[in-house]
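Working notes, structure below.
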Amino acid sequence: MFAELDEMFTKEIAREEKLRQQEQKQADRQRKLLHKICKPAPGVGLITPFWETWARKTGQYNRRSLERAERNRAIAKLGPINHLAHLVSALEWHPHHAHILIVATDPGVTCEELTDFYDLDYSNHRMVFRRLNTVLKQVGWRFASYPRGAPNEPWGWELEKIPE
């Protein structure tokens, strides 16, 4: 009787171990797939190396000027971008990429909708769009606001190509 219990116990342990190994393999496969999907765009390596590379002794103003110059040079290397999908993928390194993605997929979105519906917590979305316009101008795009209805209703934001 004890031999049967011991045999059942070892079979149960072996079954649990096999199940654990299968789950581990599945988790590894899923992790590798996510890693493959979430790889940064090829040009991101050229844009991001300035983050955290300058020593504090250089001075904040000097460091920020150098960072801005490197970032502008890397953005200029992207060249003119003709398609909206290419714009969204090329600028995914930007901290405010969510704004670009939302306005690209939902043109005419208002600042209130950005806060309420999309849950972007910024006190002034218009200022974010102004800052993004400096980056977008170099690749031939800009954010523009248009009235959506009555004069006193909030305006909607759209991405538009800058006419050449």
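Every chain in the structure tokens takes a letter, A first, then B, and so on in the order presented; its residues are numbered from 1, and the ligands are numbered from 1 following the presented order.
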Contacts of His86 (chain A) within 12 Å, only C-alpha atoms, excl. fewer than 2 positions in-chain, as a PDB file with all heavy atoms, in the first residue's frame:
```pdb
ATOM      1  N   ALA A  41      12.932  51.383 -33.539  1.00  0.00           N
ATOM      2  CA  ALA A  41      13.146  51.605 -34.967  1.00  0.00           C
ATOM      3  C   ALA A  41      14.639  51.741 -35.235  1.00  0.00           C
ATOM      4  O   ALA A  41      15.408  52.123 -34.350  1.00  0.00           O
ATOM      5  CB  ALA A  41      12.414  52.864 -35.404  1.00  0.00           C
ATOM      6  N   GLY A  43      16.483  53.907 -36.696  1.00  0.00           N
ATOM      7  CA  GLY A  43      17.088  55.216 -36.517  1.00  0.00           C
ATOM      8  C   GLY A  43      17.165  55.686 -35.078  1.00  0.00           C
ATOM      9  O   GLY A  43      17.795  56.684 -34.777  1.00  0.00           O
ATOM     10  N   LEU A  78      16.808  61.831 -40.784  1.00  0.00           N
ATOM     11  CA  LEU A  78      15.603  61.088 -41.156  1.00  0.00           C
ATOM     12  C   LEU A  78      15.066  61.561 -42.496  1.00  0.00           C
ATOM     13  O   LEU A  78      14.438  60.808 -43.222  1.00  0.00           O
ATOM     14  CB  LEU A  78      14.511  61.266 -40.092  1.00  0.00           C
ATOM     15  CG  LEU A  78      14.733  60.593 -38.756  1.00  0.00           C
ATOM     16  CD1 LEU A  78      13.632  60.997 -37.791  1.00  0.00           C
ATOM     17  CD2 LEU A  78      14.774  59.089 -38.899  1.00  0.00           C
ATOM     18  N   GLY A  79      15.319  62.822 -42.801  1.00  0.00           N
ATOM     19  CA  GLY A  79      14.889  63.372 -44.071  1.00  0.00           C
ATOM     20  C   GLY A  79      13.396  63.623 -44.103  1.00  0.00           C
ATOM     21  O   GLY A  79      12.699  63.457 -43.107  1.00  0.00           O
ATOM     22  N   PRO A  80      12.877  64.024 -45.254  1.00  0.00           N
ATOM     23  CA  PRO A  80      11.440  64.268 -45.346  1.00  0.00           C
ATOM     24  C   PRO A  80      10.671  62.951 -45.253  1.00  0.00           C
ATOM     25  O   PRO A  80      11.051  61.959 -45.856  1.00  0.00           O
ATOM     26  CB  PRO A  80      11.271  64.924 -46.714  1.00  0.00           C
ATOM     27  CG  PRO A  80      12.468  64.508 -47.487  1.00  0.00           C
ATOM     28  CD  PRO A  80      13.575  64.304 -46.497  1.00  0.00           C
ATOM     29  N   ILE A  81       9.606  62.968 -44.490  1.00  0.00           N
ATOM     30  CA  ILE A  81       8.766  61.783 -44.302  1.00  0.00           C
ATOM     31  C   ILE A  81       7.448  62.046 -45.013  1.00  0.00           C
ATOM     32  O   ILE A  81       6.760  63.019 -44.727  1.00  0.00           O
ATOM     33  CB  ILE A  81       8.559  61.504 -42.803  1.00  0.00           C
ATOM     34  CG1 ILE A  81       9.908  61.161 -42.170  1.00  0.00           C
ATOM     35  CG2 ILE A  81       7.563  60.392 -42.596  1.00  0.00           C
ATOM     36  CD1 ILE A  81       9.847  60.928 -40.676  1.00  0.00           C
ATOM     37  N   ASN A  82       7.088  61.169 -45.933  1.00  0.00           N
ATOM     38  CA  ASN A  82       5.911  61.388 -46.767  1.00  0.00           C
ATOM     39  C   ASN A  82       4.650  60.729 -46.240  1.00  0.00           C
ATOM     40  O   ASN A  82       3.560  61.148 -46.583  1.00  0.00           O
ATOM     41  CB  ASN A  82       6.178  60.901 -48.194  1.00  0.00           C
ATOM     42  CG  ASN A  82       7.298  61.676 -48.853  1.00  0.00           C
ATOM     43  OD1 ASN A  82       7.441  62.863 -48.605  1.00  0.00           O
ATOM     44  ND2 ASN A  82       8.103  61.008 -49.639  1.00  0.00           N
ATOM     45  N   HIS A  83       4.777  59.678 -45.445  1.00  0.00           N
ATOM     46  CA  HIS A  83       3.606  58.922 -45.009  1.00  0.00           C
ATOM     47  C   HIS A  83       3.421  59.050 -43.508  1.00  0.00           C
ATOM     48  O   HIS A  83       4.388  59.064 -42.737  1.00  0.00           O
ATOM     49  CB  HIS A  83       3.744  57.454 -45.392  1.00  0.00           C
ATOM     50  CG  HIS A  83       3.891  57.250 -46.859  1.00  0.00           C
ATOM     51  ND1 HIS A  83       2.858  57.402 -47.731  1.00  0.00           N
ATOM     52  CD2 HIS A  83       4.976  56.935 -47.614  1.00  0.00           C
ATOM     53  CE1 HIS A  83       3.279  57.177 -48.959  1.00  0.00           C
ATOM     54  NE2 HIS A  83       4.571  56.901 -48.916  1.00  0.00           N
ATOM     55  N   LEU A  84       2.180  59.110 -43.097  1.00  0.00           N
ATOM     56  CA  LEU A  84       1.849  59.264 -41.678  1.00  0.00           C
ATOM     57  C   LEU A  84       2.313  58.071 -40.850  1.00  0.00           C
ATOM     58  O   LEU A  84       2.812  58.237 -39.740  1.00  0.00           O
ATOM     59  CB  LEU A  84       0.337  59.465 -41.537  1.00  0.00           C
ATOM     60  CG  LEU A  84      -0.187  59.970 -40.212  1.00  0.00           C
ATOM     61  CD1 LEU A  84       0.462  61.294 -39.857  1.00  0.00           C
ATOM     62  CD2 LEU A  84      -1.683  60.132 -40.264  1.00  0.00           C
ATOM     63  N   VAL A  88       4.883  58.139 -37.573  1.00  0.00           N
ATOM     64  CA  VAL A  88       4.589  57.585 -36.247  1.00  0.00           C
ATOM     65  C   VAL A  88       5.690  56.626 -35.811  1.00  0.00           C
ATOM     66  O   VAL A  88       6.153  56.662 -34.670  1.00  0.00           O
ATOM     67  CB  VAL A  88       3.209  56.890 -36.248  1.00  0.00           C
ATOM     68  CG1 VAL A  88       2.985  56.113 -34.970  1.00  0.00           C
ATOM     69  CG2 VAL A  88       2.104  57.919 -36.439  1.00  0.00           C
ATOM     70  N   SER A  89       6.152  55.771 -36.718  1.00  0.00           N
ATOM     71  CA  SER A  89       7.185  54.809 -36.337  1.00  0.00           C
ATOM     72  C   SER A  89       8.565  55.464 -36.195  1.00  0.00           C
ATOM     73  O   SER A  89       9.361  55.054 -35.359  1.00  0.00           O
ATOM     74  CB  SER A  89       7.246  53.666 -37.342  1.00  0.00           C
ATOM     75  OG  SER A  89       7.647  54.146 -38.598  1.00  0.00           O
ATOM     76  N   ALA A  90       8.840  56.490 -36.981  1.00  0.00           N
ATOM     77  CA  ALA A  90      10.157  57.138 -36.909  1.00  0.00           C
ATOM     78  C   ALA A  90      10.328  57.962 -35.645  1.00  0.00           C
ATOM     79  O   ALA A  90      11.442  58.135 -35.160  1.00  0.00           O
ATOM     80  CB  ALA A  90      10.367  58.022 -38.133  1.00  0.00           C
ATOM     81  N   LEU A  91       9.232  58.478 -35.099  1.00  0.00           N
ATOM     82  CA  LEU A  91       9.338  59.335 -33.911  1.00  0.00           C
ATOM     83  C   LEU A  91       8.898  58.623 -32.632  1.00  0.00           C
ATOM     84  O   LEU A  91       8.529  59.280 -31.662  1.00  0.00           O
ATOM     85  CB  LEU A  91       8.519  60.603 -34.116  1.00  0.00           C
ATOM     86  CG  LEU A  91       9.061  61.552 -35.177  1.00  0.00           C
ATOM     87  CD1 LEU A  91       8.135  62.735 -35.351  1.00  0.00           C
ATOM     88  CD2 LEU A  91      10.448  62.022 -34.829  1.00  0.00           C
ATOM     89  N   GLU A  92       8.982  57.292 -32.600  1.00  0.00           N
ATOM     90  CA  GLU A  92       8.554  56.605 -31.388  1.00  0.00           C
ATOM     91  C   GLU A  92       9.553  56.751 -30.240  1.00  0.00           C
ATOM     92  O   GLU A  92       9.262  56.384 -29.122  1.00  0.00           O
ATOM     93  CB  GLU A  92       8.227  55.144 -31.667  1.00  0.00           C
ATOM     94  CG  GLU A  92       9.379  54.286 -32.037  1.00  0.00           C
ATOM     95  CD  GLU A  92       8.921  52.875 -32.380  1.00  0.00           C
ATOM     96  OE1 GLU A  92       7.726  52.583 -32.283  1.00  0.00           O
ATOM     97  OE2 GLU A  92       9.775  52.075 -32.748  1.00  0.00           O
ATOM     98  N   ILE A 100       1.479  62.019 -30.761  1.00  0.00           N
ATOM     99  CA  ILE A 100       1.596  61.823 -32.206  1.00  0.00           C
ATOM    100  C   ILE A 100       0.716  60.659 -32.646  1.00  0.00           C
ATOM    101  O   ILE A 100      -0.034  60.756 -33.616  1.00  0.00           O
ATOM    102  CB  ILE A 100       3.064  61.576 -32.604  1.00  0.00           C
ATOM    103  CG1 ILE A 100       3.940  62.783 -32.235  1.00  0.00           C
ATOM    104  CG2 ILE A 100       3.186  61.269 -34.088  1.00  0.00           C
ATOM    105  CD1 ILE A 100       5.419  62.533 -32.371  1.00  0.00           C
ATOM    106  N   LEU A 101       0.789  59.568 -31.922  1.00  0.00           N
ATOM    107  CA  LEU A 101       0.031  58.368 -32.276  1.00  0.00           C
ATOM    108  C   LEU A 101      -1.474  58.608 -32.200  1.00  0.00           C
ATOM    109  O   LEU A 101      -2.229  58.229 -33.102  1.00  0.00           O
ATOM    110  CB  LEU A 101       0.426  57.215 -31.355  1.00  0.00           C
ATOM    111  CG  LEU A 101      -0.246  55.881 -31.589  1.00  0.00           C
ATOM    112  CD1 LEU A 101       0.107  55.350 -32.971  1.00  0.00           C
ATOM    113  CD2 LEU A 101       0.165  54.892 -30.525  1.00  0.00           C
ATOM    114  N   ALA A 104      -2.629  60.965 -34.958  1.00  0.00           N
ATOM    115  CA  ALA A 104      -2.538  60.301 -36.260  1.00  0.00           C
ATOM    116  C   ALA A 104      -3.692  59.327 -36.466  1.00  0.00           C
ATOM    117  O   ALA A 104      -4.209  59.187 -37.574  1.00  0.00           O
ATOM    118  CB  ALA A 104      -1.206  59.566 -36.379  1.00  0.00           C
ATOM    119  N   VAL A 139      10.862  67.321 -40.274  1.00  0.00           N
ATOM    120  CA  VAL A 139      10.557  66.184 -41.152  1.00  0.00           C
ATOM    121  C   VAL A 139       9.359  66.469 -42.053  1.00  0.00           C
ATOM    122  O   VAL A 139       8.856  65.582 -42.727  1.00  0.00           O
ATOM    123  CB  VAL A 139      10.335  64.888 -40.338  1.00  0.00           C
ATOM    124  CG1 VAL A 139      11.629  64.414 -39.721  1.00  0.00           C
ATOM    125  CG2 VAL A 139       9.259  65.050 -39.297  1.00  0.00           C
ATOM    126  N   TRP A 141       6.174  67.926 -41.235  1.00  0.00           N
ATOM    127  CA  TRP A 141       4.815  67.790 -40.698  1.00  0.00           C
ATOM    128  C   TRP A 141       4.584  68.841 -39.626  1.00  0.00           C
ATOM    129  O   TRP A 141       5.524  69.437 -39.117  1.00  0.00           O
ATOM    130  CB  TRP A 141       4.608  66.404 -40.097  1.00  0.00           C
ATOM    131  CG  TRP A 141       4.541  65.321 -41.107  1.00  0.00           C
ATOM    132  CD1 TRP A 141       5.600  64.701 -41.704  1.00  0.00           C
ATOM    133  CD2 TRP A 141       3.375  64.747 -41.678  1.00  0.00           C
ATOM    134  NE1 TRP A 141       5.156  63.775 -42.596  1.00  0.00           N
ATOM    135  CE2 TRP A 141       3.791  63.773 -42.598  1.00  0.00           C
ATOM    136  CE3 TRP A 141       2.015  64.957 -41.495  1.00  0.00           C
ATOM    137  CZ2 TRP A 141       2.896  63.012 -43.333  1.00  0.00           C
ATOM    138  CZ3 TRP A 141       1.129  64.186 -42.225  1.00  0.00           C
ATOM    139  CH2 TRP A 141       1.572  63.231 -43.136  1.00  0.00           C
TER     140      TRP A 141
END
```
Exercise for the section: Within 12 Å of region 115-129 of chain A, counting only C-alpha atoms, which residues show up once you throw out same-chain ones fewer than 2 positions away? Write them as a PyMOL selection string, please. Expected result: chain A and resi 94-103+106+109-113+131-137+141-145+154-159
How about saving the chosen residues, N, CA and C atoms kept, as a JSON list (two decimals), in the first residue's frame?
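Result file follows (result24.json):
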```
[["chain", "number", "residue", "atom", "x", "y", "z"],
["A", 94, "HIS", "N", 10.40, 59.64, -29.13],
["A", 94, "HIS", "CA", 10.08, 60.91, -28.47],
["A", 94, "HIS", "C", 9.24, 60.67, -27.22],
["A", 95, "PRO", "N", 9.50, 61.42, -26.14],
["A", 95, "PRO", "CA", 8.72, 61.23, -24.90],
["A", 95, "PRO", "C", 7.22, 61.49, -25.07],
["A", 96, "HIS", "N", 6.84, 62.35, -26.04],
["A", 96, "HIS", "CA", 5.43, 62.64, -26.27],
["A", 96, "HIS", "C", 4.90, 61.90, -27.49],
["A", 97, "HIS", "N", 5.42, 60.72, -27.73],
["A", 97, "HIS", "CA", 5.00, 59.91, -28.88],
["A", 97, "HIS", "C", 3.51, 59.58, -28.81],
["A", 98, "ALA", "N", 2.96, 59.49, -27.61],
["A", 98, "ALA", "CA", 1.54, 59.16, -27.46],
["A", 98, "ALA", "C", 0.67, 60.21, -28.14],
["A", 99, "HIS", "N", 1.05, 61.47, -28.04],
["A", 99, "HIS", "CA", 0.29, 62.53, -28.69],
["A", 99, "HIS", "C", 0.30, 62.35, -30.22],
["A", 100, "ILE", "N", 1.48, 62.02, -30.76],
["A", 100, "ILE", "CA", 1.60, 61.82, -32.21],
["A", 100, "ILE", "C", 0.72, 60.66, -32.65],
["A", 101, "LEU", "N", 0.79, 59.57, -31.92],
["A", 101, "LEU", "CA", 0.03, 58.37, -32.28],
["A", 101, "LEU", "C", -1.47, 58.61, -32.20],
["A", 102, "ILE", "N", -1.92, 59.28, -31.15],
["A", 102, "ILE", "CA", -3.36, 59.51, -30.97],
["A", 102, "ILE", "C", -3.90, 60.44, -32.05],
["A", 103, "VAL", "N", -3.20, 61.53, -32.33],
["A", 103, "VAL", "CA", -3.69, 62.47, -33.34],
["A", 103, "VAL", "C", -3.61, 61.84, -34.73],
["A", 106, "ASP", "N", -6.65, 59.39, -34.66],
["A", 106, "ASP", "CA", -7.96, 60.02, -34.40],
["A", 106, "ASP", "C", -7.87, 61.51, -34.71],
["A", 109, "VAL", "N", -9.16, 65.17, -32.68],
["A", 109, "VAL", "CA", -9.28, 64.96, -31.24],
["A", 109, "VAL", "C", -9.04, 66.28, -30.51],
["A", 110, "THR", "N", -9.80, 66.53, -29.45],
["A", 110, "THR", "CA", -9.65, 67.77, -28.69],
["A", 110, "THR", "C", -8.76, 67.54, -27.48],
["A", 111, "CYS", "N", -8.34, 68.63, -26.86],
["A", 111, "CYS", "CA", -7.51, 68.52, -25.66],
["A", 111, "CYS", "C", -8.28, 67.86, -24.52],
["A", 112, "GLU", "N", -9.57, 68.14, -24.44],
["A", 112, "GLU", "CA", -10.39, 67.51, -23.40],
["A", 112, "GLU", "C", -10.45, 66.00, -23.61],
["A", 113, "GLU", "N", -10.58, 65.55, -24.86],
["A", 113, "GLU", "CA", -10.61, 64.12, -25.13],
["A", 113, "GLU", "C", -9.27, 63.47, -24.82],
["A", 131, "ARG", "N", 5.68, 72.16, -28.69],
["A", 131, "ARG", "CA", 7.02, 71.58, -28.59],
["A", 131, "ARG", "C", 7.24, 70.50, -29.64],
["A", 132, "LEU", "N", 6.21, 69.70, -29.88],
["A", 132, "LEU", "CA", 6.33, 68.68, -30.91],
["A", 132, "LEU", "C", 6.45, 69.28, -32.30],
["A", 133, "ASN", "N", 5.85, 70.43, -32.52],
["A", 133, "ASN", "CA", 5.93, 71.06, -33.84],
["A", 133, "ASN", "C", 7.36, 71.40, -34.22],
["A", 134, "THR", "N", 8.22, 71.73, -33.25],
["A", 134, "THR", "CA", 9.61, 72.03, -33.58],
["A", 134, "THR", "C", 10.32, 70.80, -34.13],
["A", 135, "VAL", "N", 9.98, 69.62, -33.61],
["A", 135, "VAL", "CA", 10.57, 68.38, -34.11],
["A", 135, "VAL", "C", 9.94, 67.99, -35.44],
["A", 136, "LEU", "N", 8.62, 68.11, -35.51],
["A", 136, "LEU", "CA", 7.91, 67.69, -36.72],
["A", 136, "LEU", "C", 8.22, 68.58, -37.92],
["A", 137, "LYS", "N", 8.52, 69.86, -37.67],
["A", 137, "LYS", "CA", 8.81, 70.78, -38.76],
["A", 137, "LYS", "C", 10.01, 70.30, -39.57],
["A", 141, "TRP", "N", 6.17, 67.93, -41.24],
["A", 141, "TRP", "CA", 4.82, 67.79, -40.70],
["A", 141, "TRP", "C", 4.58, 68.84, -39.63],
["A", 142, "ARG", "N", 3.31, 69.04, -39.24],
["A", 142, "ARG", "CA", 2.99, 69.94, -38.14],
["A", 142, "ARG", "C", 1.62, 69.57, -37.58],
["A", 143, "PHE", "N", 1.41, 69.95, -36.32],
["A", 143, "PHE", "CA", 0.09, 69.84, -35.71],
["A", 143, "PHE", "C", -0.66, 71.12, -36.02],
["A", 144, "ALA", "N", -1.91, 70.98, -36.41],
["A", 144, "ALA", "CA", -2.73, 72.15, -36.68],
["A", 144, "ALA", "C", -4.06, 71.97, -35.98],
["A", 145, "SER", "N", -4.61, 73.06, -35.45],
["A", 145, "SER", "CA", -5.91, 72.98, -34.77],
["A", 145, "SER", "C", -6.96, 73.65, -35.65],
["A", 154, "PRO", "N", -14.46, 73.32, -28.20],
["A", 154, "PRO", "CA", -13.00, 73.08, -28.31],
["A", 154, "PRO", "C", -12.59, 72.74, -29.74],
["A", 155, "TRP", "N", -11.38, 73.10, -30.07],
["A", 155, "TRP", "CA", -10.86, 72.86, -31.40],
["A", 155, "TRP", "C", -10.24, 71.47, -31.45],
["A", 156, "GLY", "N", -10.20, 70.88, -32.64],
["A", 156, "GLY", "CA", -9.60, 69.57, -32.83],
["A", 156, "GLY", "C", -8.20, 69.68, -33.42],
["A", 157, "TRP", "N", -7.37, 68.70, -33.13],
["A", 157, "TRP", "CA", -5.99, 68.69, -33.60],
["A", 157, "TRP", "C", -5.83, 67.68, -34.72],
["A", 158, "GLU", "N", -5.03, 68.04, -35.71],
["A", 158, "GLU", "CA", -4.74, 67.16, -36.83],
["A", 158, "GLU", "C", -3.27, 67.27, -37.19],
["A", 159, "LEU", "N", -2.74, 66.21, -37.75],
["A", 159, "LEU", "CA", -1.39, 66.24, -38.30],
["A", 159, "LEU", "C", -1.51, 66.55, -39.79]]
```
Problem - DSSP-assigned strand (DSSP E or B) members of region 45-159 of chain A, reported as a PyMOL selection string - result: chain A and resi 109+141-147+155-159
Completion exercise
Computed gap from CA of Gln138 (chain A) to CA of Glu160 (chain A) is 13.3 Å
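Rounded to one decimal, CA of Glu16 (chain A) and CA of Phe2 (chain A) lie 20.9 Å from each other.
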Exercise for the section: Enter the distance from CA of Leu87 (chain A) to CA of Glu70 (chain A), in Å, rounded to one decimal. Expected result: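 Going from CA of Leu87 (chain A) over to CA of Glu70 (chain A) covers 19.4 Å.
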Problem - Nearest to Lys161 (chain A), chosen from A:Tyr146, A:Gly140, A:Arg29, A:Asp6, with only C-alpha atoms counted in the distances - result: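 For Lys161 (chain A), the nearest of the candidates is A:Gly140.
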Problem - Sel. of helix (DSSP H, G or I) residues, chain A, as number ranges by chain - result: A: 2-37, 44-50, 56-58, 60-78, 84-90, 97-105, 111-116, 125-138
